[in-house]
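S.K.: This is the content of target_10.txt (compact mmCIF, C-alpha atoms and all ligand atoms):
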```
# COMPACT_ATOMS: atom_id res chain seq x y z
CA MET U 26 6.65 9.40 -17.62
CA THR U 27 9.11 7.78 -15.24
CA VAL U 28 7.83 7.30 -11.71
CA PRO U 29 10.55 7.77 -9.08
CA THR U 30 11.53 4.68 -7.14
CA VAL U 31 12.30 4.16 -3.47
CA LYS U 32 14.96 1.69 -2.35
CA LEU U 33 13.78 -0.98 0.08
CA ASN U 34 15.95 -2.65 2.75
CA SER U 35 16.05 -5.72 0.47
CA GLY U 36 17.99 -3.69 -2.12
CA TYR U 37 15.05 -3.74 -4.57
CA GLU U 38 13.42 -0.54 -5.84
CA ILE U 39 9.68 0.11 -5.59
CA PRO U 40 7.90 2.66 -7.83
CA GLN U 41 6.68 5.35 -5.43
CA LEU U 42 3.32 5.60 -7.20
CA GLY U 43 1.22 2.54 -7.93
CA PHE U 44 -2.36 1.41 -8.50
CA GLY U 45 -4.50 -0.13 -5.73
CA VAL U 46 -7.39 -2.51 -6.34
CA PHE U 47 -9.21 -2.71 -2.97
CA LEU U 48 -12.96 -3.19 -3.56
CA VAL U 49 -12.50 -3.62 -7.31
CA PRO U 50 -14.84 -6.56 -8.05
CA PRO U 51 -13.11 -9.62 -9.55
CA HIS U 52 -14.70 -9.18 -12.99
CA GLU U 53 -13.65 -5.51 -13.17
CA ALA U 54 -10.09 -5.97 -11.93
CA GLU U 55 -8.69 -7.15 -15.27
CA LYS U 56 -10.10 -4.10 -17.06
CA ALA U 57 -8.99 -1.64 -14.38
CA VAL U 58 -5.44 -3.04 -14.20
CA THR U 59 -5.20 -3.17 -18.01
CA GLU U 60 -6.13 0.52 -18.13
CA ALA U 61 -3.65 1.37 -15.36
CA LEU U 62 -0.86 -0.44 -17.22
CA GLU U 63 -1.81 1.42 -20.43
CA VAL U 64 -1.64 4.73 -18.57
CA GLY U 65 1.84 3.81 -17.34
CA TYR U 66 1.48 2.40 -13.82
CA ARG U 67 3.92 -0.46 -13.18
CA HIS U 68 3.21 -1.06 -9.48
CA ILE U 69 0.00 -2.88 -8.53
CA ASP U 70 -1.21 -3.43 -4.95
CA THR U 71 -3.64 -6.31 -4.39
CA ALA U 72 -4.37 -8.82 -1.60
CA ALA U 73 -5.77 -12.32 -1.26
CA ILE U 74 -8.84 -10.92 0.53
CA TYR U 75 -9.65 -8.58 -2.38
CA LYS U 76 -10.56 -11.75 -4.34
CA ASN U 77 -9.31 -10.16 -7.54
CA GLU U 78 -5.81 -11.65 -7.90
CA GLU U 79 -6.96 -13.63 -10.98
CA GLY U 80 -8.06 -10.45 -12.72
CA VAL U 81 -4.79 -8.73 -11.84
CA GLY U 82 -2.87 -11.75 -13.14
CA ALA U 83 -4.85 -11.86 -16.38
CA ALA U 84 -4.18 -8.17 -17.03
CA ILE U 85 -0.46 -8.64 -16.39
CA ALA U 86 -0.27 -11.71 -18.65
CA LYS U 87 -2.10 -9.98 -21.50
CA SER U 88 -0.11 -6.76 -21.19
CA GLY U 89 3.08 -8.32 -22.54
CA ILE U 90 5.07 -6.07 -20.19
CA ALA U 91 8.34 -7.66 -19.07
CA ARG U 92 8.09 -9.10 -15.57
CA ASP U 93 11.08 -7.14 -14.30
CA GLU U 94 9.37 -3.86 -15.26
CA LEU U 95 6.48 -4.63 -12.90
CA PHE U 96 6.21 -4.41 -9.14
CA ILE U 97 3.42 -6.60 -7.76
CA THR U 98 2.34 -6.67 -4.12
CA THR U 99 -0.11 -9.07 -2.52
CA LYS U 100 -1.01 -9.82 1.09
CA LEU U 101 -1.54 -12.75 3.43
CA TRP U 102 -5.05 -12.68 4.91
CA ASN U 103 -5.54 -12.83 8.67
CA ASP U 104 -6.99 -16.34 8.89
CA ARG U 105 -3.82 -17.85 7.38
CA GLN U 106 -1.16 -16.57 9.76
CA ALA U 107 -0.84 -19.72 11.91
CA GLY U 108 1.39 -22.75 11.47
CA GLU U 109 2.55 -23.42 7.90
CA GLU U 110 -0.53 -21.75 6.34
CA PRO U 111 1.41 -18.78 4.92
CA HIS U 112 3.33 -21.18 2.67
CA SER U 113 0.09 -22.51 1.15
CA ALA U 114 -1.36 -19.00 0.91
CA ILE U 115 1.52 -17.53 -1.10
CA ARG U 116 1.42 -20.44 -3.55
CA GLU U 117 -2.31 -19.92 -4.09
CA SER U 118 -1.75 -16.19 -4.65
CA LEU U 119 1.05 -16.85 -7.13
CA ASP U 120 -1.15 -19.32 -9.04
CA LYS U 121 -3.95 -16.75 -9.29
CA LEU U 122 -1.54 -14.01 -10.32
CA GLN U 123 0.14 -16.38 -12.85
CA LEU U 124 3.51 -15.37 -11.40
CA ASP U 125 6.61 -17.21 -10.13
CA TYR U 126 7.25 -14.55 -7.50
CA VAL U 127 5.75 -11.34 -6.18
CA ASP U 128 7.83 -8.27 -5.52
CA LEU U 129 6.36 -7.67 -2.09
CA TYR U 130 4.37 -9.91 0.25
CA LEU U 131 2.72 -8.41 3.33
CA THR U 132 0.94 -9.72 6.41
CA HIS U 133 -2.33 -7.83 6.16
CA TRP U 134 -3.18 -7.08 9.84
CA PRO U 135 -1.54 -8.00 13.14
CA THR U 136 -4.88 -9.22 14.64
CA PRO U 137 -3.17 -9.13 18.05
CA GLU U 138 -5.78 -11.22 19.89
CA LYS U 139 -4.87 -14.26 17.79
CA ASP U 140 -1.18 -13.68 18.50
CA THR U 141 -0.07 -15.31 15.25
CA TYR U 142 1.49 -12.28 13.54
CA SER U 143 5.01 -13.13 14.69
CA ASN U 144 4.64 -16.67 13.32
CA ALA U 145 3.38 -15.17 10.07
CA TRP U 146 6.44 -12.94 9.92
CA GLN U 147 8.78 -15.91 10.40
CA LYS U 148 7.03 -17.69 7.52
CA LEU U 149 7.33 -14.62 5.31
CA ILE U 150 11.09 -14.68 5.94
CA GLU U 151 11.12 -18.31 4.71
CA ILE U 152 8.97 -17.32 1.71
CA ARG U 153 11.48 -14.59 0.83
CA ASP U 154 14.38 -17.01 1.27
CA ALA U 155 12.64 -19.48 -1.04
CA GLY U 156 12.49 -16.77 -3.73
CA LEU U 157 8.70 -16.49 -3.80
CA SER U 158 8.73 -12.83 -2.78
CA ARG U 159 11.63 -10.47 -3.39
CA SER U 160 10.80 -8.25 -0.44
CA ILE U 161 8.57 -8.78 2.58
CA GLY U 162 6.73 -6.40 4.83
CA VAL U 163 3.67 -5.83 6.95
CA SER U 164 0.49 -3.80 6.95
CA ASN U 165 -1.41 -2.09 9.77
CA HIS U 166 1.33 -2.84 12.30
CA LEU U 167 1.89 -0.38 15.15
CA PRO U 168 5.31 0.21 16.75
CA GLU U 169 4.58 -2.35 19.47
CA HIS U 170 3.96 -5.03 16.82
CA LEU U 171 7.02 -4.01 14.82
CA ASP U 172 9.20 -4.16 17.94
CA ARG U 173 7.96 -7.67 18.60
CA LEU U 174 8.77 -8.85 15.06
CA VAL U 175 12.30 -7.51 15.28
CA ALA U 176 12.80 -8.96 18.78
CA ASP U 177 11.62 -12.40 17.59
CA THR U 178 13.43 -12.55 14.24
CA GLY U 179 15.92 -9.69 13.92
CA VAL U 180 14.37 -8.88 10.52
CA VAL U 181 12.97 -5.37 9.88
CA PRO U 182 10.03 -5.30 7.44
CA ALA U 183 10.75 -3.56 4.11
CA VAL U 184 7.51 -1.59 4.46
CA ASP U 185 4.54 -1.04 6.72
CA GLN U 186 1.38 -0.26 4.74
CA ILE U 187 -0.82 1.85 7.01
CA GLU U 188 -3.85 4.09 6.80
CA LEU U 189 -2.22 7.43 6.05
CA HIS U 190 -3.65 10.65 4.65
CA PRO U 191 -3.64 14.29 5.78
CA ALA U 192 -6.34 13.68 8.41
CA TYR U 193 -4.65 10.59 9.93
CA GLN U 194 -0.87 10.54 9.72
CA GLN U 195 0.36 7.98 12.29
CA GLN U 196 3.58 9.88 12.93
CA ASN U 197 4.69 7.23 15.47
CA VAL U 198 4.84 4.59 12.72
CA ILE U 199 6.63 7.00 10.36
CA ASP U 200 9.19 7.68 13.12
CA TRP U 201 9.70 3.94 13.67
CA GLY U 202 10.37 3.55 9.96
CA ARG U 203 12.84 6.45 9.91
CA ALA U 204 14.79 4.91 12.76
CA THR U 205 15.01 1.44 11.19
CA GLY U 206 15.03 2.00 7.41
CA MET U 207 11.50 0.63 6.97
CA ARG U 208 9.50 2.45 4.26
CA ILE U 209 5.95 3.68 4.73
CA GLU U 210 3.16 2.89 2.28
CA SER U 211 -0.11 4.79 2.53
CA TRP U 212 -3.43 3.06 2.16
CA GLY U 213 -6.43 5.28 1.75
CA PRO U 214 -4.14 8.06 0.50
CA LEU U 215 -7.21 10.10 -0.47
CA GLY U 216 -9.05 9.24 2.74
CA GLN U 217 -11.02 6.65 0.72
CA GLY U 218 -13.38 9.46 -0.29
CA LYS U 219 -14.84 9.20 3.24
CA TYR U 220 -13.07 12.14 4.86
CA PRO U 221 -13.85 15.62 3.46
CA LEU U 222 -10.27 16.21 2.34
CA PHE U 223 -10.87 17.80 -1.03
CA GLU U 224 -12.93 20.67 0.42
CA ASN U 225 -10.29 21.41 3.05
CA PRO U 226 -8.99 24.99 2.54
CA ALA U 227 -5.31 23.93 2.64
CA VAL U 228 -5.86 21.27 -0.03
CA ALA U 229 -8.11 23.49 -2.14
CA ALA U 230 -5.62 26.39 -2.01
CA ALA U 231 -2.67 24.21 -3.03
CA ALA U 232 -4.68 22.67 -5.86
CA GLU U 233 -5.76 26.07 -7.13
CA ALA U 234 -2.24 27.53 -6.92
CA HIS U 235 -0.90 24.76 -9.18
CA GLY U 236 -3.92 24.35 -11.44
CA VAL U 237 -4.40 20.72 -10.39
CA SER U 238 -7.23 18.78 -8.74
CA PRO U 239 -7.45 18.40 -4.94
CA ALA U 240 -6.71 14.66 -5.35
CA GLN U 241 -3.50 15.49 -7.24
CA ALA U 242 -2.47 17.96 -4.53
CA VAL U 243 -2.96 15.32 -1.83
CA LEU U 244 -1.03 12.69 -3.81
CA ARG U 245 1.78 15.21 -4.32
CA TRP U 246 1.84 15.88 -0.54
CA HIS U 247 2.45 12.14 0.06
CA LEU U 248 5.12 11.89 -2.61
CA GLN U 249 7.06 14.91 -1.36
CA ARG U 250 7.07 13.37 2.13
CA GLY U 251 8.66 10.18 0.77
CA ILE U 252 5.54 8.05 1.20
CA ILE U 253 4.66 5.27 -1.27
CA VAL U 254 1.07 5.59 -2.61
CA PHE U 255 -1.30 3.59 -4.81
CA PRO U 256 -4.63 5.40 -5.16
CA LYS U 257 -7.55 3.40 -6.42
CA SER U 258 -10.05 4.28 -9.10
CA VAL U 259 -11.92 2.34 -11.76
CA ASN U 260 -12.61 5.52 -13.72
CA ARG U 261 -10.20 5.98 -16.63
CA SER U 262 -9.94 9.76 -16.33
CA ARG U 263 -9.18 9.51 -12.60
CA ILE U 264 -6.66 6.72 -13.23
CA GLU U 265 -4.92 9.16 -15.59
CA GLU U 266 -5.31 12.12 -13.23
CA ASN U 267 -3.81 10.21 -10.29
CA PHE U 268 -0.77 9.31 -12.42
CA ASP U 269 -0.23 12.89 -13.59
CA VAL U 270 1.41 14.20 -10.42
CA PHE U 271 5.01 14.79 -11.47
CA GLY U 272 4.62 18.07 -13.35
CA PHE U 273 4.32 20.35 -10.31
CA GLU U 274 5.76 20.70 -6.84
CA LEU U 275 4.07 21.95 -3.68
CA THR U 276 5.92 24.62 -1.74
CA ALA U 277 7.15 23.83 1.77
CA ALA U 278 4.40 26.10 3.12
CA GLU U 279 1.72 24.19 1.18
CA VAL U 280 3.07 20.87 2.45
CA ASP U 281 3.04 22.21 6.02
CA ALA U 282 -0.52 23.53 5.67
CA ILE U 283 -1.75 20.12 4.49
CA THR U 284 0.22 18.38 7.25
CA ALA U 285 -1.59 20.59 9.78
CA ILE U 286 -4.98 19.09 8.76
CA ASP U 287 -4.53 16.11 11.11
CA PRO U 288 -6.78 16.78 14.14
CA GLN U 289 -4.22 14.76 16.18
CA ASP U 290 -6.90 13.00 18.22
CA GLY U 291 -7.40 10.03 15.90
CA SER U 292 -10.77 11.29 14.70
CA GLY U 293 -9.57 11.47 11.08
CA ARG U 294 -9.24 7.68 10.84
CA VAL U 295 -11.56 6.16 8.19
CA GLY U 296 -10.64 2.46 8.52
CA SER U 297 -10.32 -0.10 11.32
CA HIS U 298 -7.94 0.30 14.24
CA PRO U 299 -5.20 -2.37 14.30
CA LEU U 300 -5.72 -3.11 18.00
CA GLU U 301 -9.43 -3.71 17.47
CA PHE U 302 -9.39 -5.64 14.20
CA ASN U 303 -9.16 -9.31 15.12
P1 LIG Y 401 -8.15 5.81 -1.72
O1 LIG Y 401 -7.80 6.83 -0.71
O2 LIG Y 401 -7.22 5.52 -2.83
O3 LIG Y 401 -9.59 6.23 -2.24
C1 LIG Y 401 -10.19 5.61 -3.31
C2 LIG Y 401 -11.48 6.36 -3.61
O4 LIG Y 401 -11.18 7.74 -3.81
C3 LIG Y 401 -12.09 5.87 -4.91
O5 LIG Y 401 -13.01 4.85 -4.65
C4 LIG Y 401 -12.75 7.12 -5.46
O6 LIG Y 401 -14.01 7.21 -4.90
C5 LIG Y 401 -11.91 8.24 -4.91
N1 LIG Y 401 -10.97 8.78 -5.91
C6 LIG Y 401 -9.89 8.17 -6.48
N2 LIG Y 401 -9.25 9.01 -7.32
C7 LIG Y 401 -9.93 10.18 -7.28
C8 LIG Y 401 -9.75 11.41 -7.93
N3 LIG Y 401 -8.74 11.62 -8.76
N4 LIG Y 401 -10.63 12.41 -7.63
C9 LIG Y 401 -11.65 12.22 -6.78
N5 LIG Y 401 -11.86 11.06 -6.13
C10 LIG Y 401 -11.01 10.04 -6.38
O7 LIG Y 401 -8.51 4.49 -0.89
P2 LIG Y 401 -8.21 2.95 -1.02
O8 LIG Y 401 -8.60 2.39 -2.32
O9 LIG Y 401 -8.83 2.31 0.17
O10 LIG Y 401 -6.63 2.87 -0.85
C11 LIG Y 401 -5.74 2.67 -1.93
C12 LIG Y 401 -5.21 1.26 -1.93
O11 LIG Y 401 -4.64 0.94 -0.66
C13 LIG Y 401 -6.29 0.18 -2.09
O12 LIG Y 401 -6.79 0.10 -3.38
C14 LIG Y 401 -5.53 -1.03 -1.63
O13 LIG Y 401 -4.65 -1.47 -2.64
C15 LIG Y 401 -4.79 -0.46 -0.43
N6 LIG Y 401 -5.51 -0.68 0.85
C16 LIG Y 401 -4.90 -1.43 1.80
C17 LIG Y 401 -5.50 -1.65 3.01
C18 LIG Y 401 -4.80 -2.46 4.06
O14 LIG Y 401 -5.39 -2.80 5.08
N7 LIG Y 401 -3.55 -2.79 3.84
C19 LIG Y 401 -6.77 -1.11 3.30
C20 LIG Y 401 -7.39 -0.34 2.31
C21 LIG Y 401 -6.74 -0.12 1.11
```
In structure tokens, write the structure found in this file.
Ligand code: NAD

M.R.:
Amino acid sequence: MTVPTVKLNSGYEIPQLGFGVFLVPPHEAEKAVTEALEVGYRHIDTAAIYKNEEGVGAAIAKSGIARDELFITTKLWNDRQAGEEPHSAIRESLDKLQLDYVDLYLTHWPTPEKDTYSNAWQKLIEIRDAGLSRSIGVSNHLPEHLDRLVADTGVVPAVDQIELHPAYQQQNVIDWGRATGMRIESWGPLGQGKYPLFENPAVAAAAEAHGVSPAQAVLRWHLQRGIIVFPKSVNRSRIEENFDVFGFELTAAEVDAITAIDPQDGSGRVGSHPLEFN
């Protein structure tokens, strides 16, 4: 099965569906990523703070899959944004991943109280120019942070990876991306299993109409809205299920009904708020 790709502002293409490894313990990461690669995933989303880059790297090395068929993302953790630290951090990540470059390197959170996210962005530009990451972007940045990065450097991130699922859609960040050509990646695409999404009548009805699971209906909702997703599971049958989302299409009415789930008051958020995470 060929996963559609989305073109980034760097000119590189990213597979719209990938595999995320947040909270996958280091010793399980190699097995989970090996299974994902067997199933057909070619886009893996990890981060230095997940402490599982070695396992991801081992799975990639053993897979024998050509490097240019893979799309690997990792992220700079918050305590390494200052000074020249990002340069050391990317080299450590590349060593662990056993790679010469990553496809996408992100600053993980703006942590606005520290006020080092703009410095981190300038270092990511240097890291891209040095060939250590093909594309660069950010995560958990709000429009005010994105405006600051562009004002300081003139460089628009290729992506912003934000908490995004039917109950928490952050339309203001999506709008910022539309206006500037920045792509949106969803983290927690299934609400991390913390929000009762699968029981929601709009999700359940769409799933039933197409003979798919509620998780597949939600993933399809993201894909049809142009969002990049990388659901996480360490369960082989769910890894397969989450990849099997290209054989059906939600109707416009089903997409709209799922879009209407967002309570619009922020109460659907399951993770930290970028202004409060420091
Ligand atoms: P997710 O929405 O993908 O939820 C994962 C959970 O959903 C699993 O633990 C499992 O319990 C459940 N699940 C998965 N597939 C299912 C299925 N088919 N049916 C029923 N339940 C299923 O949440 P996530 O893992 O937090 O997000 C995906 C990825 O996003 C992460 O692995 C990570 O790569 C990234 N992420 C990034 C940030 C960030 O700050 N940038 C934060 C969290 C996650």

S.K.: Write out as a PyMOL selection string each polymer residue whose atoms come within 10 Å of Ala145 in chain U, counting only C-alpha atoms; drop sequence neighbours fewer than 2 positions from it.

M.R.: chain U and resi 101+103+105-112+131-132+135+140-143+147-151+163+174

S.K.: Using all atoms listed in the file, find each protein or nucleic acid residue lying at most 8 Å from ligand LIG 401 (chain Y); present the set as a PyMOL selection string.

M.R.: chain U and resi 44-49+69-72+100+133-134+164-165+186-188+190+211-218+238-241+254-259+262-264+266-267+296

S.K.: Restricted to C-alpha atoms, what would the selected residues look like written as a compact mmCIF listing (two decimals), in the coordinates of the input?

M.R.:
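Written file, out08.txt:
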```txt
# COMPACT_ATOMS: atom_id res chain seq x y z
CA PHE U 44 -2.36 1.41 -8.50
CA GLY U 45 -4.50 -0.13 -5.73
CA VAL U 46 -7.39 -2.51 -6.34
CA PHE U 47 -9.21 -2.71 -2.97
CA LEU U 48 -12.96 -3.19 -3.56
CA VAL U 49 -12.50 -3.62 -7.31
CA ILE U 69 0.00 -2.88 -8.53
CA ASP U 70 -1.21 -3.43 -4.95
CA THR U 71 -3.64 -6.31 -4.39
CA ALA U 72 -4.37 -8.82 -1.60
CA LYS U 100 -1.01 -9.82 1.09
CA HIS U 133 -2.33 -7.83 6.16
CA TRP U 134 -3.18 -7.08 9.84
CA SER U 164 0.49 -3.80 6.95
CA ASN U 165 -1.41 -2.09 9.77
CA GLN U 186 1.38 -0.26 4.74
CA ILE U 187 -0.82 1.85 7.01
CA GLU U 188 -3.85 4.09 6.80
CA HIS U 190 -3.65 10.65 4.65
CA SER U 211 -0.11 4.79 2.53
CA TRP U 212 -3.43 3.06 2.16
CA GLY U 213 -6.43 5.28 1.75
CA PRO U 214 -4.14 8.06 0.50
CA LEU U 215 -7.21 10.10 -0.47
CA GLY U 216 -9.05 9.24 2.74
CA GLN U 217 -11.02 6.65 0.72
CA GLY U 218 -13.38 9.46 -0.29
CA SER U 238 -7.23 18.78 -8.74
CA PRO U 239 -7.45 18.40 -4.94
CA ALA U 240 -6.71 14.66 -5.35
CA GLN U 241 -3.50 15.49 -7.24
CA VAL U 254 1.07 5.59 -2.61
CA PHE U 255 -1.30 3.59 -4.81
CA PRO U 256 -4.63 5.40 -5.16
CA LYS U 257 -7.55 3.40 -6.42
CA SER U 258 -10.05 4.28 -9.10
CA VAL U 259 -11.92 2.34 -11.76
CA SER U 262 -9.94 9.76 -16.33
CA ARG U 263 -9.18 9.51 -12.60
CA ILE U 264 -6.66 6.72 -13.23
CA GLU U 266 -5.31 12.12 -13.23
CA ASN U 267 -3.81 10.21 -10.29
CA GLY U 296 -10.64 2.46 8.52
```

S.K.: Fewer than 3 positions away in the same chain doesn't count, so skip those; otherwise give me all residues within 8 Å of Asp185 in chain U, counting all atoms listed in the file, as a list in words.

M.R.: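 Selected residues are Gly162, Val163, Ser164, Asn165, His166, Pro182, Met207, Arg208, Ile209 and Glu210 of chain U.
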
S.K.: To box range 206-214 of chain U, take all atoms listed in the file, fit an axis-aligned box, add 5 Å on each side, and give centre and edge lengths in Å to one decimal, as AutoDock Vina command-line options.

M.R.:
```
--center_x 4.3 --center_y 4.3 --center_z 4.0 --size_x 31.5 --size_y 17.4 --size_z 16.9
```

S.K.: Provide the CA of Leu157 in chain U to CA of Asn144 in chain U distance in Å, to one decimal place.

M.R.: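 Atom-to-atom, CA of Leu157 in chain U to CA of Asn144 in chain U, that is 17.6 Å.
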
S.K.: Measuring between only C-alpha atoms, which one of U:His235, U:Val64, U:Ser292, U:Glu265 shows the shortest distance to Glu279 in chain U?

M.R.: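 Distance minimum relative to Glu279 in chain U lands on U:His235.
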
S.K.: What's the separation between CA of Asp128 in chain U and CA of Ser35 in chain U, in Å to one decimal place?

M.R.: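 Separation of CA of Asp128 in chain U and CA of Ser35 in chain U: 10.5 Å.
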
S.K.: Quick one: distance from CA of Asp269 in chain U to CA of Thr27 in chain U in Å, one decimal?

M.R.: 10.8 Å

S.K.: Check the smallest atom-to-atom distance from each of U:Leu42, U:Gln123, U:Ile74, U:Arg245 to Lys87 in chain U using all atoms listed in the file, then report the winner.

M.R.: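 So, comparing all the options, the nearest one is U:Gln123.
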
S.K.: Report as a list in words all protein, DNA and RNA residues lying within 9 Å of Val228 in chain U, evaluated on all atoms listed in the file, omitting residues in the same chain fewer than 5 positions from it.

M.R.: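 What passes the distance filter is Leu222, Phe223, Glu233, Pro239, Ala240, Ala242, Val243, Glu279, Ala282 and Ile283 of chain U.
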
S.K.: Can I get the selection written as a PDB file, in the coordinates of the input, with C-alpha atoms?

M.R.:
```pdb
ATOM      1  CA  LEU U 222     -10.270  16.210   2.340  1.00  0.00           C
ATOM      2  CA  PHE U 223     -10.870  17.800  -1.030  1.00  0.00           C
ATOM      3  CA  GLU U 233      -5.760  26.070  -7.130  1.00  0.00           C
ATOM      4  CA  PRO U 239      -7.450  18.400  -4.940  1.00  0.00           C
ATOM      5  CA  ALA U 240      -6.710  14.660  -5.350  1.00  0.00           C
ATOM      6  CA  ALA U 242      -2.470  17.960  -4.530  1.00  0.00           C
ATOM      7  CA  VAL U 243      -2.960  15.320  -1.830  1.00  0.00           C
ATOM      8  CA  GLU U 279       1.720  24.190   1.180  1.00  0.00           C
ATOM      9  CA  ALA U 282      -0.520  23.530   5.670  1.00  0.00           C
ATOM     10  CA  ILE U 283      -1.750  20.120   4.490  1.00  0.00           C
TER      11      ILE U 283
END
```

S.K.: Under the rule that all atoms listed in the file are counted, which of U:Ala231, U:Ala277, U:Val184, U:Ala204 is the nearest residue to Lys32 in chain U?

M.R.: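 For Lys32 in chain U, the nearest of the given residues is U:Val184.
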
S.K.: Excluding range 136-138 of chain U and its own-chain neighbours fewer than 4 positions away, which residues fall within 9 Å of it when counting all atoms listed in the file? Please give them as a list in words.

M.R.: Asn103, Tyr142, His170, Pro299, Leu300, Glu301, Phe302 and Asn303 of chain U

S.K.: Measuring atom to atom with all atoms listed in the file, identify which of U:Ile199, U:Ala114, U:Leu171, U:Val181 is nearest to Ile152 in chain U.

M.R.: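 Closest candidate: U:Ala114.
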
S.K.: Measuring atom to atom with only C-alpha atoms, identify which of U:Ala230, U:Ala73, U:Ile286, U:Val81 is nearest to Glu60 in chain U.

M.R.: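 Smallest distance to Glu60 in chain U is found for U:Val81.
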
S.K.: Pick the closest to Asp287 in chain U from U:Ala192, U:Ala83, U:Leu244, U:Ala176: which is it, counting all atoms listed in the file?

M.R.: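 Under the stated criterion, the closest residue is U:Ala192.
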